[in-house]
Amino acid sequence: MPQLTLEVSIMIQSMTGYGKATAELSDKKINIEIKSLNSKALDLSTRIAPMYREKEMQIRNEVSKALERGKVDFSLWVEKKESAESATVINQVLVEGYYTQIKNIADNLGITVPADWFQTLLRMPDVMCKPEATELSEEEWENVHSTLLEAIGHLVDFRKQEGKALEKKFREKIDNIGKLLEAVSPYEQERVTKVKERIIEALEKTVSIDYDKNRLEQEIIYYIEKLDINEEKQRLTNHLKYFIKTMEEGSGQGKKLGFIAQEMGREINTLGSKSNHAEMQKIVVQMKDELEQIKEQVLNVM
């Protein structure tokens, strides 16, 4: 079987990834975090600070375009910096209004107002408030947008690193299946001989009359041809090569690799059903184990 482990540039990407980026503005820090796991399609959920929700569709488009597949969690939040401008504001008009009303009520009822009742005024509704958010400026959005692209870039880099590990694993497993397939060859002729011997032995034990040996030979040949595995071996070899070739064609090949793995499984199962030989059956079990590991990991390929 041709060598299947030639070194080429890493192309596939994992769907698992993480990316984070921050932007420091004069009055706040903008944080963007993106996490992704495997999924059959793109499943994007977002948590976006209120001020930037007007840009949600643009954010979704950027993420969808870059990540393509996966269960993706996107978060954008803001950390305010403490400053005179961002400090909590006391609504003086409200304080004066509450003061006048409370004093008038106390005077009318003859109630003595405590000396420290100013603290009570500060706890009245809407007296303490944060400065109102200003409208999102184009300059600020440019900062957020570049931070978004940076976070996406970090996640893609993470996916590529994971892709390297996946590709290494796939090449190892494909190579193992190829070697196991080669290990079947020495047992093929031995299997044919044993099958022929078993048929003749069983026939001689059960039939006490003479039989046409030429006809028997033809029937044995016909039976053994039914057990021939050359076509399965060739198809499996082609699938192994095609898996590697597809893996080298670029990202977004996960579904295709999954289909190829299924076809490999069909050929390995047919080999098992036709083998009729203990050692060949053991080899087939080993092939299935290697293939199962490929199937598990291919679900994580974008």
# chains A, B, ... in the order shown; residues from 1 in each chain; ligands from 1
call {"tool": "residues_around", "arguments": {"residues": "stretch 150-159 of chain A", "least_positions_apart": "4", "cutoff": "9 Å", "atoms": "only C-alpha atoms", "output": "mmCIF file with C-alpha atoms, in the first residue's frame"}}
result
data_model
loop_
_atom_site.group_PDB
_atom_site.id
_atom_site.type_symbol
_atom_site.label_atom_id
_atom_site.label_comp_id
_atom_site.auth_asym_id
_atom_site.auth_seq_id
_atom_site.Cartn_x
_atom_site.Cartn_y
_atom_site.Cartn_z
ATOM 1 C CA ILE A 12 -8.043 21.393 8.841
ATOM 2 C CA GLN A 13 -9.431 23.295 11.806
ATOM 3 C CA SER A 14 -11.079 22.091 14.976
ATOM 4 C CA MET A 15 -14.461 23.508 15.946
ATOM 5 C CA THR A 16 -13.209 23.912 19.512
ATOM 6 C CA GLY A 17 -11.712 27.338 20.146
ATOM 7 C CA TYR A 18 -11.380 30.348 22.414
ATOM 8 C CA GLY A 19 -10.565 33.959 21.671
ATOM 9 C CA LYS A 20 -10.523 37.109 23.754
ATOM 10 C CA ALA A 21 -9.527 40.717 23.057
ATOM 11 C CA THR A 22 -9.869 44.032 24.894
ATOM 12 C CA ILE A 32 -14.917 40.579 23.790
ATOM 13 C CA GLU A 33 -14.816 36.828 24.406
ATOM 14 C CA ILE A 34 -15.744 34.052 21.966
ATOM 15 C CA LYS A 35 -15.959 30.326 22.746
ATOM 16 C CA SER A 36 -16.819 27.534 20.312
ATOM 17 C CA GLU A 62 -18.448 38.889 11.151
ATOM 18 C CA VAL A 63 -18.544 35.868 13.476
ATOM 19 C CA ALA A 66 -15.119 33.603 9.993
ATOM 20 C CA LEU A 67 -16.227 30.584 12.043
ATOM 21 C CA HIS A 145 -14.970 46.338 15.487
ATOM 22 C CA SER A 146 -11.176 45.976 15.442
ATOM 23 C CA GLY A 163 -6.496 21.165 13.958
ATOM 24 C CA LYS A 164 -2.797 20.292 13.982
ATOM 25 C CA MET A 302 -14.920 22.188 11.010
#
call {"tool": "atom_distance", "arguments": {"atom1": "atom CA of A:Thr147", "atom2": "atom CA of A:Gly254"}}
result
28.7 Å
call {"tool": "select_by_dssp", "arguments": {"residues": "stretch 9-70 of chain A", "states": "alpha helix (DSSP H)", "output": "ChimeraX atom specification"}}
result
/A:56-67
call {"tool": "write_last_selection", "arguments": {"atoms": "C-alpha atoms", "output": "compact mmCIF listing (two decimals), in the first residue's frame"}}
result
# COMPACT_ATOMS: atom_id res chain seq x y z
CA GLU A 56 -25.61 42.98 16.68
CA MET A 57 -26.32 42.02 13.05
CA GLN A 58 -22.90 43.26 11.94
CA ILE A 59 -21.27 41.38 14.82
CA ARG A 60 -23.15 38.20 13.90
CA ASN A 61 -22.14 38.54 10.26
CA GLU A 62 -18.45 38.89 11.15
CA VAL A 63 -18.54 35.87 13.48
CA SER A 64 -20.55 33.71 11.04
CA LYS A 65 -18.29 34.54 8.11
CA ALA A 66 -15.12 33.60 9.99
CA LEU A 67 -16.23 30.58 12.04
call {"tool": "closest_residue", "arguments": {"among": "A:Leu180, A:Gln92, A:Thr193, A:Arg235", "to": "A:Gln281", "atoms": "only C-alpha atoms"}}
result
A:Leu180
call {"tool": "select_by_dssp", "arguments": {"residues": "stretch 23-191 of chain A", "states": "strand (DSSP E)", "output": "count of residues only"}}
result
34
call {"tool": "closest_residue", "arguments": {"among": "A:Val298, A:Thr237, A:Ile174, A:Gln293", "to": "A:Lys256", "atoms": "only C-alpha atoms"}}
result
A:Val298
call {"tool": "residues_around", "arguments": {"residues": "A:Phe259", "least_positions_apart": "2", "cutoff": "12 Å", "atoms": "only C-alpha atoms", "output": "PyMOL selection string"}}
result
chain A and resi 239+242-243+246+253-257+261-266+294-295+298-299
call {"tool": "write_last_selection", "arguments": {"atoms": "C-alpha atoms", "output": "PDB file, in the first residue's frame"}}
result
ATOM      1  CA  HIS A 239     -10.824   5.449   1.016  1.00  0.00           C
ATOM      2  CA  TYR A 242      -9.107   9.919  -0.163  1.00  0.00           C
ATOM      3  CA  PHE A 243      -9.382  10.729   3.542  1.00  0.00           C
ATOM      4  CA  THR A 246      -9.644  15.558   1.574  1.00  0.00           C
ATOM      5  CA  GLN A 253     -14.042  19.395   5.344  1.00  0.00           C
ATOM      6  CA  GLY A 254     -15.457  17.877   8.541  1.00  0.00           C
ATOM      7  CA  LYS A 255     -18.707  16.535   7.070  1.00  0.00           C
ATOM      8  CA  LYS A 256     -16.933  15.057   4.061  1.00  0.00           C
ATOM      9  CA  LEU A 257     -14.358  13.339   6.272  1.00  0.00           C
ATOM     10  CA  ALA A 261     -15.057   7.340   7.538  1.00  0.00           C
ATOM     11  CA  GLN A 262     -18.503   5.727   7.153  1.00  0.00           C
ATOM     12  CA  GLU A 263     -17.450   4.173   3.819  1.00  0.00           C
ATOM     13  CA  MET A 264     -14.263   2.873   5.418  1.00  0.00           C
ATOM     14  CA  GLY A 265     -16.419   1.247   8.092  1.00  0.00           C
ATOM     15  CA  ARG A 266     -18.521  -0.561   5.476  1.00  0.00           C
ATOM     16  CA  ILE A 294     -11.281   8.595  13.826  1.00  0.00           C
ATOM     17  CA  LYS A 295     -15.096   8.822  13.893  1.00  0.00           C
ATOM     18  CA  VAL A 298     -13.898  13.826  13.053  1.00  0.00           C
ATOM     19  CA  LEU A 299     -17.034  15.224  14.723  1.00  0.00           C
TER      20      LEU A 299
END
call {"tool": "atom_distance", "arguments": {"atom1": "atom CA of A:Leu148", "atom2": "atom CA of A:Met247"}}
result
29.0 Å
call {"tool": "closest_atom_pairs", "arguments": {"of": "stretch 111-180 of chain A", "to": "stretch 97-107 of chain A", "cutoff": "9 Å", "atoms": "only C-alpha atoms", "output": "tab-separated table"}}
result
residue	atom	partner	partner_atom	distance
A:Ile111	CA	A:Ala106	CA	4.7
A:Thr112	CA	A:Ala106	CA	6.6
A:Val113	CA	A:Ala106	CA	6.8
A:Phe118	CA	A:Tyr99	CA	8.5
A:Leu121	CA	A:Tyr98	CA	6.9
A:Met124	CA	A:Tyr98	CA	8.0
call {"tool": "closest_residue", "arguments": {"among": "A:Ala23, A:Ile244, A:Val93, A:Val144", "to": "A:Met51", "atoms": "only C-alpha atoms"}}
result
A:Val144
